[in-house]
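Everything below concerns the one structure shown next.
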Amino acid sequence: MPLLPSPSANRHTPSQEFWAGARGIIPLVIGAIPFGLIFGTLATNNGLSPAATLAMSAFVFAGSAQFIAAGMIAANTGWLLIVLTTVVVNLRHLLYAVSLLPYVSKLPQRWKIPLGFLLTDETFAIAIRRYESEGPAPFKHWYHLGAALTMYLNWLLCTSIGITLGQLIPNASEWGLDFAMSVTFIGMIVPYLKNRPMVIAVVVAGLVALVAASLPHQLGLMVAAFSGIGAGVISERYLKRGV
Amino acid sequence: MNELLLILGMAIATFAIRYVMFAASSHIRLSPALLNALRYVPPVVLSAIVVPEVLLKDGVISVGYMNARLVGAIAAIAIAYFTRNLLLTIVLGMAVFFSWQALVVSSIPLHS
């Protein structure tokens, strides 16, 4: 039962779509607040300059990669290794982009570039929900943009506040505030679990991720993702055959 | 640590990953089978991130009442399932996590 403005309602104008997208992503924005605050605090406490911390949020805009980078900075890792790790951690966005292709491919470059830049887990989840809902609404990309920009501006704001607070609360990460990311993701996963192949895919991905967690550079993430997708597709085929 | 190189590298890498498929989209046609497989991407990837976050403590699997994240995660799954409300899931899930951490985990004396 949707609580927020239903994504399947027919919104006619770009402006309506835009603001609906901005509203639609609010729960995820709220979930990202502790995440952004902690990143600002963590990165500066780990030795990254305030300017670089803010720049990372502004030009990279990838929460989990930023978190991992902050940890690697504390361990005095070289910049190239951090960049390579970032590639692996963010590879899933490639899959998100492919999933969005049917809806985005006909847009002009001036749309593709910002939508591409602003692509994150949360933005993807909200946008794909809108794109996949019934209705021939022609301005769904405005919904996408509204959601993405809201997420982005909030991320910058929270990072800034976190940088400031970091001076005041050096132990914020110990409180477990970063658990907000996990809770947010759980809230995003559950609605997908409508059939058995989905459940199987998710469980397999989780288990493989656990087992593969010791692989370097977060490769376990990609291995787990492909395992989960494979498990989902295979179980879908088996269940259809009535085996 | 060269911060400029770090930020530039991360930014370019991330944007390239996100944008390359959009840029090439006029040359790409996706098969129905691929599109079907892609439906699994969001929940699968999120699960691959969340499960280790919740169950691993310093590389060791921790499944028990001392793992406040696990308790919070179970609560979050239940709340998400019954309310289908993302905001409520986040708020209540965090509340359960903090309460459990404060009341159960912290009050147990550590073995020396």
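By order of appearance in the structure tokens: chains A, B, ..., then residues from 1 within every chain, and ligands from 1 in the order shown.
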(request) Write out as a list of chain:residue names all residues of chain B that DSSP puts in strand (DSSP E or B) for this structure's backbone. (result)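 Taking chain B and keeping strand (DSSP E or B) gives B:Leu56, B:Lys57, B:Val60, B:Ile61.
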Output N, CA and C atoms of each residue in that selection to a file, as an mmCIF file, in the first residue's frame.
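This is the output file out.cif:
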```
data_model
loop_
_atom_site.group_PDB
_atom_site.id
_atom_site.type_symbol
_atom_site.label_atom_id
_atom_site.label_comp_id
_atom_site.auth_asym_id
_atom_site.auth_seq_id
_atom_site.Cartn_x
_atom_site.Cartn_y
_atom_site.Cartn_z
ATOM 1 N N LEU B 56 28.494 -9.197 9.580
ATOM 2 C CA LEU B 56 29.932 -9.309 9.779
ATOM 3 C C LEU B 56 30.448 -8.263 10.753
ATOM 4 N N LYS B 57 31.129 -8.727 11.775
ATOM 5 C CA LYS B 57 31.787 -7.798 12.682
ATOM 6 C C LYS B 57 33.270 -8.074 12.632
ATOM 7 N N VAL B 60 34.137 -11.368 11.072
ATOM 8 C CA VAL B 60 33.613 -12.594 11.679
ATOM 9 C C VAL B 60 32.082 -12.548 11.657
ATOM 10 N N ILE B 61 31.487 -13.663 11.281
ATOM 11 C CA ILE B 61 30.029 -13.710 11.223
ATOM 12 C C ILE B 61 29.465 -13.720 12.642
#
```
(message) Could you tell me which residues of chain A sit within 7 Å of chain B when counting only C-alpha atoms, and give me the result as an MDAnalysis selection string?
(response) chainID A and resid 1:3 27 31 52 56 59:60 78:79 83 86:87 90:91 93:95 97:99 101 105 112:113 116:117 119 180 182:187 189:190 192 198 201:202 205:206 209:210 221 224:225 228:229 232:233
(message) Among segment 34-166 of chain A, which ones does DSSP assign to alpha helix (DSSP H) (computed from the backbone)? Answer as number ranges by chain.
(response) A: 34-45, 50-59, 63-74, 79-90, 92-104, 109-117, 121-132, 140-166
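For the choices A:Ile82, A:Ala127, A:Val204, A:Ala69, the atom-to-atom distance to Tyr96 of chain A is smallest for A:Ala127 when using only C-alpha atoms.
Pairwise distance (atom CA of Phe39 of chain A, atom CA of Met66 of chain B) equals 25.8 Å.
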(request) Go through A:Ser64, A:Gln109, A:Thr164, A:Ser214 and flag the residue nearest Asp58 of chain B, using only C-alpha atoms for the distances. (result)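 Residue with the minimum atom-to-atom distance to Asp58 of chain B: A:Ser214.
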(request) Provide the atom CA of Leu219 of chain A to atom CA of Val88 of chain A distance in Å, to one decimal place. (result)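 Going from atom CA of Leu219 of chain A over to atom CA of Val88 of chain A covers 6.4 Å.
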